[in-house]
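input-v5.txt, holding compact mmCIF, C-alpha atoms (C1' of nucleotides):
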# COMPACT_ATOMS: atom_id res chain seq x y z
CA MET Y 1 38.27 -12.66 22.84
CA LYS Y 2 37.70 -10.42 19.86
CA GLU Y 3 36.08 -7.00 19.81
CA GLU Y 4 32.72 -7.20 18.13
CA PRO Y 5 32.23 -4.23 15.83
CA VAL Y 6 29.12 -2.09 16.29
CA PHE Y 7 27.45 0.17 13.78
CA THR Y 8 25.51 3.40 13.76
CA ILE Y 9 22.09 3.48 12.19
CA LYS Y 10 23.59 5.24 9.18
CA GLN Y 11 26.17 2.52 8.67
CA THR Y 12 23.52 -0.11 9.20
CA ALA Y 13 21.38 1.50 6.56
CA GLU Y 14 24.29 1.48 4.15
CA LEU Y 15 25.23 -2.09 4.90
CA THR Y 16 21.73 -3.48 4.55
CA GLY Y 17 20.28 -1.24 1.88
CA VAL Y 18 17.39 -0.34 4.20
CA SER Y 19 16.89 3.37 4.94
CA GLU Y 20 17.40 4.77 8.42
CA ASP Y 21 13.76 5.77 8.55
CA THR Y 22 12.70 2.28 7.65
CA ILE Y 23 14.95 0.74 10.29
CA ARG Y 24 13.41 3.04 12.89
CA TYR Y 25 9.99 2.16 11.53
CA TYR Y 26 10.70 -1.54 11.94
CA GLU Y 27 11.68 -0.86 15.51
CA LYS Y 28 8.58 1.27 16.03
CA ILE Y 29 6.31 -1.56 14.97
CA ALA Y 30 8.45 -3.94 17.00
CA LEU Y 31 9.49 -5.98 14.01
CA LEU Y 32 12.98 -5.37 15.30
CA PRO Y 33 13.70 -5.38 19.02
CA ARG Y 34 14.46 -2.05 20.63
CA ALA Y 35 18.03 -1.36 19.62
CA GLU Y 36 20.73 -0.88 22.20
CA ARG Y 37 21.63 2.75 22.85
CA LYS Y 38 24.82 4.53 23.54
CA ASP Y 39 24.95 6.90 26.51
CA ASN Y 40 23.70 9.69 24.29
CA GLY Y 41 20.70 7.65 23.21
CA HIS Y 42 21.95 6.84 19.74
CA ARG Y 43 21.15 3.37 18.45
CA ILE Y 44 23.90 0.83 17.98
CA TYR Y 45 23.72 -2.32 15.90
CA ARG Y 46 25.74 -5.49 15.92
CA GLN Y 47 26.37 -8.07 13.22
CA ASP Y 48 23.48 -10.10 14.53
CA ASN Y 49 21.09 -7.16 14.10
CA LEU Y 50 22.27 -6.59 10.55
CA GLU Y 51 21.52 -10.17 9.75
CA THR Y 52 18.02 -9.88 11.10
CA ILE Y 53 17.48 -6.85 8.90
CA ARG Y 54 18.85 -8.74 5.93
CA LEU Y 55 16.47 -11.57 6.69
CA ILE Y 56 13.59 -9.09 6.59
CA VAL Y 57 14.77 -7.86 3.21
CA CYS Y 58 15.01 -11.43 2.11
CA LEU Y 59 11.51 -12.35 3.20
CA LYS Y 60 10.12 -9.15 1.76
CA LYS Y 61 11.42 -10.22 -1.61
CA THR Y 62 9.18 -13.24 -1.35
CA GLY Y 63 6.20 -10.97 -0.82
CA MET Y 64 5.72 -11.76 2.82
CA PRO Y 65 3.93 -8.97 4.71
CA LEU Y 66 5.86 -7.55 7.66
CA GLU Y 67 3.35 -8.87 10.18
CA GLU Y 68 3.89 -12.43 9.05
CA MET Y 69 7.61 -12.17 9.58
CA ARG Y 70 7.45 -11.85 13.34
CA PRO Y 71 7.56 -15.55 14.15
CA PHE Y 72 10.49 -16.04 11.79
CA LEU Y 73 12.48 -13.24 13.36
CA ASN Y 74 11.81 -14.27 16.91
CA VAL Y 75 13.58 -17.56 16.52
CA SER Y 76 17.23 -17.15 17.24
CA VAL Y 77 19.77 -18.00 14.60
CA ASP Y 78 20.82 -21.31 16.02
CA ALA Y 79 17.59 -22.41 17.68
CA ASP Y 80 16.34 -25.86 16.95
CA PRO Y 81 13.28 -25.46 14.72
CA ALA Y 82 11.85 -28.73 16.01
CA GLN Y 83 11.13 -26.90 19.25
CA TYR Y 84 8.73 -24.60 17.48
CA PRO Y 85 6.24 -26.87 15.75
CA GLU Y 86 4.02 -23.92 14.86
CA LEU Y 87 6.90 -22.21 13.17
CA VAL Y 88 7.77 -25.37 11.30
CA GLU Y 89 4.24 -25.40 9.95
CA GLN Y 90 4.50 -21.78 8.90
CA LEU Y 91 7.83 -22.42 7.27
CA LYS Y 92 6.40 -25.32 5.33
CA SER Y 93 3.36 -23.35 4.30
CA HIS Y 94 5.47 -20.41 3.25
CA ARG Y 95 7.74 -22.74 1.35
CA ALA Y 96 4.76 -24.01 -0.60
CA HIS Y 97 3.64 -20.46 -1.22
CA ILE Y 98 7.05 -19.54 -2.59
CA ALA Y 99 7.22 -22.64 -4.73
CA ALA Y 100 3.89 -21.61 -6.28
CA GLN Y 101 5.23 -18.13 -6.80
CA ILE Y 102 8.27 -19.51 -8.54
CA ALA Y 103 6.06 -21.55 -10.83
CA SER Y 104 4.00 -18.45 -11.56
CA LEU Y 105 7.07 -16.41 -12.32
CA GLN Y 106 8.48 -19.13 -14.49
CA GLN Y 107 5.34 -19.03 -16.56
CA VAL Y 108 5.68 -15.30 -17.02
CA VAL Y 109 9.23 -15.86 -18.16
CA ASP Y 110 7.96 -18.45 -20.59
CA PHE Y 111 5.30 -16.03 -21.76
CA ILE Y 112 7.90 -13.37 -22.37
CA ASP Y 113 10.18 -15.80 -24.16
CA THR Y 114 7.39 -16.97 -26.38
CA LYS Y 115 6.37 -13.40 -27.04
CA LEU Y 116 9.91 -12.45 -27.87
CA GLY Y 117 10.35 -15.59 -29.90
CA ASP Y 118 7.64 -15.95 -32.51
CA GLY Y 119 5.36 -13.28 -31.11
CA ARG Y 120 2.07 -14.92 -31.95
CA LEU Y 121 1.31 -17.24 -29.11
CA ARG Y 122 0.54 -16.32 -25.52
CA GLN Y 123 0.93 -18.94 -22.89
CA PRO Y 124 0.67 -17.16 -19.57
CA CYS Y 125 0.59 -18.25 -16.01
CA SER Y 126 -2.35 -18.98 -13.71
CA ALA Y 127 -0.61 -21.50 -11.54
CA GLY Y 128 -4.19 -21.88 -10.38
CA SER Y 129 -3.83 -21.13 -6.68
CA GLU Y 130 -6.18 -18.19 -6.06
CA THR Y 131 -8.07 -18.61 -9.30
CA PRO Y 132 -11.48 -20.14 -8.53
CA LYS Y 133 -11.15 -22.74 -11.25
CA GLY Y 134 -7.54 -23.83 -11.29
CA ARG Y 135 -7.53 -24.13 -15.00
CA THR Y 136 -4.64 -23.60 -17.33
CA PHE Y 137 -5.55 -21.43 -20.26
CA ILE Y 138 -3.76 -20.78 -23.43
CA TYR Y 139 -4.02 -17.65 -25.51
CA LYS Y 140 -4.29 -18.23 -29.20
CA MET X 141 -19.74 -17.76 -37.91
CA LYS X 142 -20.02 -18.56 -34.25
CA GLU X 143 -21.71 -16.51 -31.55
CA GLU X 144 -19.08 -15.08 -29.25
CA PRO X 145 -20.20 -15.38 -25.65
CA VAL X 146 -20.29 -12.26 -23.53
CA PHE X 147 -20.15 -12.00 -19.76
CA THR X 148 -21.52 -9.74 -17.07
CA ILE X 149 -19.13 -8.14 -14.64
CA LYS X 150 -20.19 -10.67 -12.02
CA GLN X 151 -19.38 -13.59 -14.28
CA THR X 152 -16.14 -11.96 -15.27
CA ALA X 153 -15.22 -11.57 -11.61
CA GLU X 154 -15.95 -15.24 -11.04
CA LEU X 155 -14.03 -16.37 -14.08
CA THR X 156 -10.95 -14.31 -13.37
CA GLY X 157 -10.89 -14.31 -9.59
CA VAL X 158 -10.80 -10.50 -9.60
CA SER X 159 -13.57 -8.74 -7.67
CA GLU X 160 -16.17 -6.62 -9.46
CA ASP X 161 -14.96 -3.58 -7.58
CA THR X 162 -11.42 -4.20 -8.67
CA ILE X 163 -12.45 -4.66 -12.29
CA ARG X 164 -14.29 -1.34 -12.16
CA TYR X 165 -11.26 0.16 -10.46
CA TYR X 166 -9.00 -1.02 -13.27
CA GLU X 167 -11.34 0.60 -15.73
CA LYS X 168 -11.42 3.78 -13.63
CA ILE X 169 -7.64 4.11 -13.76
CA ALA X 170 -7.76 3.15 -17.43
CA LEU X 171 -5.73 0.02 -16.97
CA LEU X 172 -8.59 -1.64 -18.79
CA PRO X 173 -10.31 0.10 -21.70
CA ARG X 174 -13.82 1.37 -21.07
CA ALA X 175 -15.95 -1.75 -21.27
CA GLU X 176 -18.71 -2.05 -23.80
CA ARG X 177 -22.17 -1.40 -22.36
CA LYS X 178 -25.52 -2.93 -22.97
CA ASP X 179 -28.47 -0.64 -23.66
CA ASN X 180 -29.06 -0.40 -19.94
CA GLY X 181 -25.50 0.72 -19.32
CA HIS X 182 -24.30 -2.56 -17.83
CA ARG X 183 -20.78 -3.60 -18.73
CA ILE X 184 -20.21 -6.57 -20.98
CA TYR X 185 -16.99 -8.51 -21.36
CA ARG X 186 -15.72 -10.80 -24.09
CA GLN X 187 -13.17 -13.58 -24.00
CA ASP X 188 -10.52 -11.13 -25.04
CA ASN X 189 -11.25 -8.88 -22.08
CA LEU X 190 -11.06 -11.79 -19.68
CA GLU X 191 -7.67 -12.63 -21.02
CA THR X 192 -6.44 -9.13 -20.47
CA ILE X 193 -7.64 -9.32 -16.88
CA ARG X 194 -5.92 -12.64 -16.47
CA LEU X 195 -2.74 -11.13 -17.82
CA ILE X 196 -2.99 -8.41 -15.18
CA VAL X 197 -3.37 -11.05 -12.48
CA CYS X 198 -0.41 -12.82 -13.97
CA LEU X 199 1.82 -9.78 -14.01
CA LYS X 200 0.67 -8.81 -10.54
CA LYS X 201 1.99 -12.12 -9.29
CA THR X 202 5.41 -11.06 -10.49
CA GLY X 203 5.18 -7.93 -8.37
CA MET X 204 4.73 -5.53 -11.24
CA PRO X 205 2.93 -2.32 -10.23
CA LEU X 206 -0.27 -1.59 -12.15
CA GLU X 207 1.20 1.49 -13.79
CA GLU X 208 3.98 -0.52 -15.35
CA MET X 209 1.55 -2.91 -16.94
CA ARG X 210 0.06 -0.42 -19.35
CA PRO X 211 2.49 -0.97 -22.21
CA PHE X 212 2.08 -4.72 -21.93
CA LEU X 213 -1.69 -4.52 -22.04
CA ASN X 214 -1.81 -2.14 -24.96
CA VAL X 215 -0.21 -4.59 -27.32
CA SER X 216 -2.80 -6.80 -28.88
CA VAL X 217 -2.61 -10.54 -28.50
CA ASP X 218 -1.26 -11.30 -31.91
CA ALA X 219 0.76 -8.18 -32.58
CA ASP X 220 4.28 -8.61 -33.74
CA PRO X 221 6.51 -7.60 -30.84
CA ALA X 222 9.29 -6.63 -33.21
CA GLN X 223 7.17 -3.62 -34.12
CA TYR X 224 7.42 -2.32 -30.59
CA PRO X 225 11.15 -2.13 -29.85
CA GLU X 226 10.52 -0.23 -26.63
CA LEU X 227 8.21 -2.93 -25.41
CA VAL X 228 10.73 -5.57 -26.32
CA GLU X 229 13.24 -3.77 -24.12
CA GLN X 230 10.77 -3.63 -21.28
CA LEU X 231 9.94 -7.27 -21.69
CA LYS X 232 13.58 -8.19 -21.58
CA SER X 233 14.22 -6.02 -18.56
CA HIS X 234 11.20 -7.44 -16.79
CA ARG X 235 12.33 -10.92 -17.68
CA ALA X 236 15.67 -10.23 -16.00
CA HIS X 237 13.86 -8.82 -12.99
CA ILE X 238 11.75 -11.93 -12.69
CA ALA X 239 14.73 -14.20 -13.12
CA ALA X 240 16.39 -12.39 -10.21
CA GLN X 241 13.22 -12.76 -8.20
CA ILE X 242 13.16 -16.47 -8.89
CA ALA X 243 16.76 -16.75 -7.73
CA SER X 244 15.86 -14.83 -4.59
CA LEU X 245 12.89 -17.03 -3.91
CA GLN X 246 14.91 -20.14 -4.53
CA GLN X 247 17.32 -19.01 -1.87
CA VAL X 248 14.53 -18.56 0.61
CA VAL X 249 13.36 -22.05 -0.21
CA ASP X 250 16.88 -23.28 0.37
CA PHE X 251 16.99 -21.37 3.63
CA ILE X 252 13.76 -22.97 4.76
CA ASP X 253 14.93 -26.39 3.72
CA THR X 254 18.19 -25.98 5.56
CA LYS X 255 16.33 -24.68 8.58
CA LEU X 256 13.93 -27.58 8.48
CA GLY X 257 16.79 -29.96 7.88
CA ASP X 258 19.50 -29.57 10.44
CA GLY X 259 18.28 -26.31 11.89
CA ARG X 260 21.67 -24.79 12.66
CA LEU X 261 22.78 -23.17 9.47
CA ARG X 262 21.24 -20.18 7.80
CA GLN X 263 22.02 -19.50 4.20
CA PRO X 264 19.68 -16.82 3.06
CA CYS X 265 19.27 -14.87 -0.06
CA SER X 266 20.61 -11.46 -1.02
CA ALA X 267 20.76 -12.04 -4.73
CA GLY X 268 22.64 -8.78 -4.45
CA SER X 269 20.60 -6.60 -6.76
CA GLU X 270 19.46 -3.70 -4.55
CA THR X 271 22.00 -4.41 -1.83
CA PRO X 272 24.78 -1.83 -2.11
CA LYS X 273 27.48 -4.39 -1.72
CA GLY X 274 26.34 -7.42 -3.68
CA ARG X 275 27.83 -9.77 -1.20
CA THR X 276 26.67 -13.22 -0.29
CA PHE X 277 26.56 -13.76 3.44
CA ILE X 278 26.20 -16.85 5.44
CA TYR X 279 24.73 -17.14 8.88
CA LYS X 280 26.65 -19.26 11.26
C1' DG B 281 29.95 30.40 22.30
C1' DA B 282 27.86 29.67 17.94
C1' DT B 283 27.49 26.52 14.28
C1' DT B 284 27.48 22.04 12.18
C1' DG B 285 26.30 17.31 11.94
C1' DA B 286 24.47 13.03 13.51
C1' DC B 287 21.36 11.56 15.87
C1' DT B 288 16.67 11.31 18.92
C1' DT B 289 11.28 11.48 19.34
C1' DG B 290 6.27 11.55 18.09
C1' DG B 291 3.41 12.27 14.71
C1' DA B 292 1.73 13.62 10.12
C1' DG B 293 1.65 12.75 5.21
C1' DT B 294 2.08 9.78 0.92
C1' DG B 295 1.17 6.33 -2.71
C1' DG B 296 -0.59 2.12 -4.25
C1' DA B 297 -4.25 -0.90 -4.54
C1' DC B 298 -8.05 -1.72 -3.40
C1' DT B 299 -12.81 -1.81 -0.84
C1' DC B 300 -16.91 0.11 0.60
C1' DC B 301 -20.84 3.09 0.34
C1' DA B 302 -25.03 5.80 -1.02
C1' DA B 303 -28.05 7.01 -4.41
C1' DG B 304 -29.95 5.89 -8.60
C1' DT B 305 -31.55 2.79 -12.79
C1' DT B 306 -33.42 -1.18 -14.97
C1' DA B 307 -35.24 -5.99 -15.40
C1' DT B 308 -37.54 -9.89 -13.51
C1' DA B 309 -40.63 -12.37 -10.16
C1' DT B 310 -44.72 -12.43 -7.21
C1' DA J 311 -47.63 -2.63 -8.14
C1' DT J 312 -43.99 -3.80 -5.44
C1' DA J 313 -40.16 -6.09 -3.98
C1' DT J 314 -35.76 -8.16 -5.21
C1' DA J 315 -31.59 -8.42 -7.65
C1' DA J 316 -28.02 -6.86 -10.64
C1' DC J 317 -26.12 -3.43 -12.06
C1' DT J 318 -24.53 1.94 -12.59
C1' DT J 319 -21.84 6.29 -10.76
C1' DG J 320 -18.72 9.27 -7.95
C1' DG J 321 -16.48 9.54 -4.09
C1' DA J 322 -14.91 8.30 0.53
C1' DG J 323 -12.38 5.19 3.50
C1' DT J 324 -8.84 1.53 4.58
C1' DC J 325 -4.52 -0.81 4.95
C1' DC J 326 0.24 -1.28 4.32
C1' DA J 327 4.77 0.25 4.18
C1' DC J 328 7.00 3.60 4.25
C1' DT J 329 8.71 8.67 4.14
C1' DC J 330 8.95 13.13 5.80
C1' DC J 331 8.95 16.67 9.26
C1' DA J 332 9.61 19.64 13.41
C1' DA J 333 11.58 20.13 17.63
C1' DG J 334 15.03 18.73 20.59
C1' DT J 335 19.72 16.63 22.33
C1' DC J 336 24.54 15.98 22.24
C1' DA J 337 29.52 16.20 20.68
C1' DA J 338 32.97 18.12 18.13
C1' DT J 339 34.74 22.21 15.43
C1' DC J 340 35.64 27.10 14.13
structure tokens encoding of this file:
Amino acid sequence: MKEEPVFTIKQTAELTGVSEDTIRYYEKIALLPRAERKDNGHRIYRQDNLETIRLIVCLKKTGMPLEEMRPFLNVSVDADPAQYPELVEQLKSHRAHIAAQIASLQQVVDFIDTKLGDGRLRQPCSAGSETPKGRTFIYK
Amino acid sequence: MKEEPVFTIKQTAELTGVSEDTIRYYEKIALLPRAERKDNGHRIYRQDNLETIRLIVCLKKTGMPLEEMRPFLNVSVDADPAQYPELVEQLKSHRAHIAAQIASLQQVVDFIDTKLGDGRLRQPCSAGSETPKGRTFIYK
DNA sequence: GATTGACTTGGAGTGGACTCCAAGTTATAT
DNA sequence: ATATAACTTGGAGTCCACTCCAAGTCAATC
């Protein structure tokens, strides 16, 4: 079998783009499991750990708060999602949330394009999710 | 000419989905101009003000910090953007940022779909913007 | 054997964006 | 006249996600 490479926290920080402090913070709040230690107490990370950290980064980009990530991170990479019906629900709900976000963002892009184009008409977002009246409005 | 309707802060909060406290907070940090007052000192808002608030909500959805919104809000609705070359640059840069965000989000959606689909393969994001090495990685 | 560097820990501090509060004013309803 | 409601102000408090710090350990180098 092959030797699996391990990384120091510094290397891990470099490879994931997440600062050492932040990695320790994630461990402190148990978003990451307690990392393995060498004899001298130093943390070591494996490929698998890096990928979990990258998944956090990924989910953060979608605006998910750290607390909400727990269930996602707890499921192992190759687990069958059908065994976690609750998680499936959360995934679906988050998917919908992201889809709404994308729509919102797209409208801002449109707004910017319009603004950059003829510069007279505003046609901004309000993908009407949180807004009490889910109305579309058009600036004139 | 027509009577332009005005709104109380409460109505404005209802119409925009932003709390009264938050509206006052935006005024406090001068993200919104000091609102007009009635004789009794109560704030009044016009259609135009509501639209500015809605624009804030809109930009917030794209993850823009309040401080960065100032230049966008200062330009009047029907100003010619070509007169504000700096703003045009910011708009373009923000547009790129949002486009990257959309790509990121789309990848999370794909990840979720894959996860919900066969549940074995992870193919998450990393639209390689902040990541030091802009590599695409695939979970196996 | 003293220094340097990479790490450890617990805890304190920061910045952004609210959110809440107390004390006061004014208008309307009973 | 008094209670209720809708506002005003300045300032304090909260929550999240870091970010920084001091004190200590350990291993290798000069």
Could you give me, as a PyMOL selection string, the residues within 10 Å of range 311-319 of chain J, counting all atoms listed in the file and dropping anything in the same chain fewer than 6 positions from it? (chain X and resi 148-150+180-183) or (chain B and resi 303-310)
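Of the residues listed (X:Val146, X:Glu176, X:Leu206, X:Cys198), X:Leu206 shows the shortest atom-to-atom separation from chain B; distances use all atoms listed in the file.
In this model, the gap between CA of Leu227 in chain X and CA of Asp113 in chain Y comes to 13.1 Å.
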List the neighbours of range 293-298 of chain B out to 10 Å using only C-alpha atoms (C1' of nucleotides); skip same-chain residues closer than 2 positions along the sequence, and give me the result as a PyMOL selection string. (chain X and resi 159+161-162+165-166+205-207) or (chain B and resi 291+300) or (chain J and resi 324-331)
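Our summary of the geometry notes that CA of Val18 in chain Y is positioned 13.8 Å from CA of Leu31 in chain Y.
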Provide the CA of Arg54 in chain Y to CA of Thr16 in chain Y distance in Å, to one decimal place. 6.2 Å
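Nearest residue to Ala236 in chain X among X:Thr202, X:Gln223, X:Thr192, X:Gln151 is X:Thr202, counting all atoms listed in the file.
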Taking all atoms of range 312-321 of chain J that appear in the file, build a box with edges along x, y and z, extend it by 5 Å on every side, and state its centre and edge lengths in Å to one decimal, as lines of an AutoDock Vina configuration file.
center_x = -30.2
center_y = 0.6
center_z = -8.3
size_x = 37.5
size_y = 28.0
size_z = 18.6
Hey, which bits of chain B sit within 12 Å of chain Y, and for each residue what's the closest pair of atoms and how far apart in Å (one decimal), counting all atoms listed in the file, rows by chain and increasing number, as a tab-separated table?
residue	atom	partner	partner_atom	distance
B:DA286	C1'	Y:Lys10	CA	9.0
B:DC287	C1'	Y:His42	CA	6.1
B:DT288	C1'	Y:Gly41	CA	6.9
B:DT289	C1'	Y:Arg24	CA	10.8
B:DG290	C1'	Y:Lys28	CA	10.7
Output C-alpha atoms (C1' of nucleotides) for every residue in that selection, as a PDB file, keeping the file's coordinate frame.
ATOM      1  C1'  DA B 286      24.470  13.030  13.510  1.00  0.00           C
ATOM      2  C1'  DC B 287      21.360  11.560  15.870  1.00  0.00           C
ATOM      3  C1'  DT B 288      16.670  11.310  18.920  1.00  0.00           C
ATOM      4  C1'  DT B 289      11.280  11.480  19.340  1.00  0.00           C
ATOM      5  C1'  DG B 290       6.270  11.550  18.090  1.00  0.00           C
TER       6       DG B 290
END
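The point (12.1, -8.8, 20.0) has these residues within 9 Å of it when all atoms listed in the file are used: Ala30, Leu31, Leu32, Pro33, Arg34, Arg70, Leu73 and Asn74 of chain Y.
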Y:Pro5, Y:Lys60, Y:Ile44, Y:Lys92: which is nearest chain J, counting only C-alpha atoms (C1' of nucleotides)? Y:Lys60
Counting all atoms listed in the file, note down every residue that has an atom within 10 Å of the point (14.3, -14.5, -11.4) (file coordinates), as a PyMOL selection string. (chain Y and resi 102+105-106+109) or (chain X and resi 202+234-246+267)
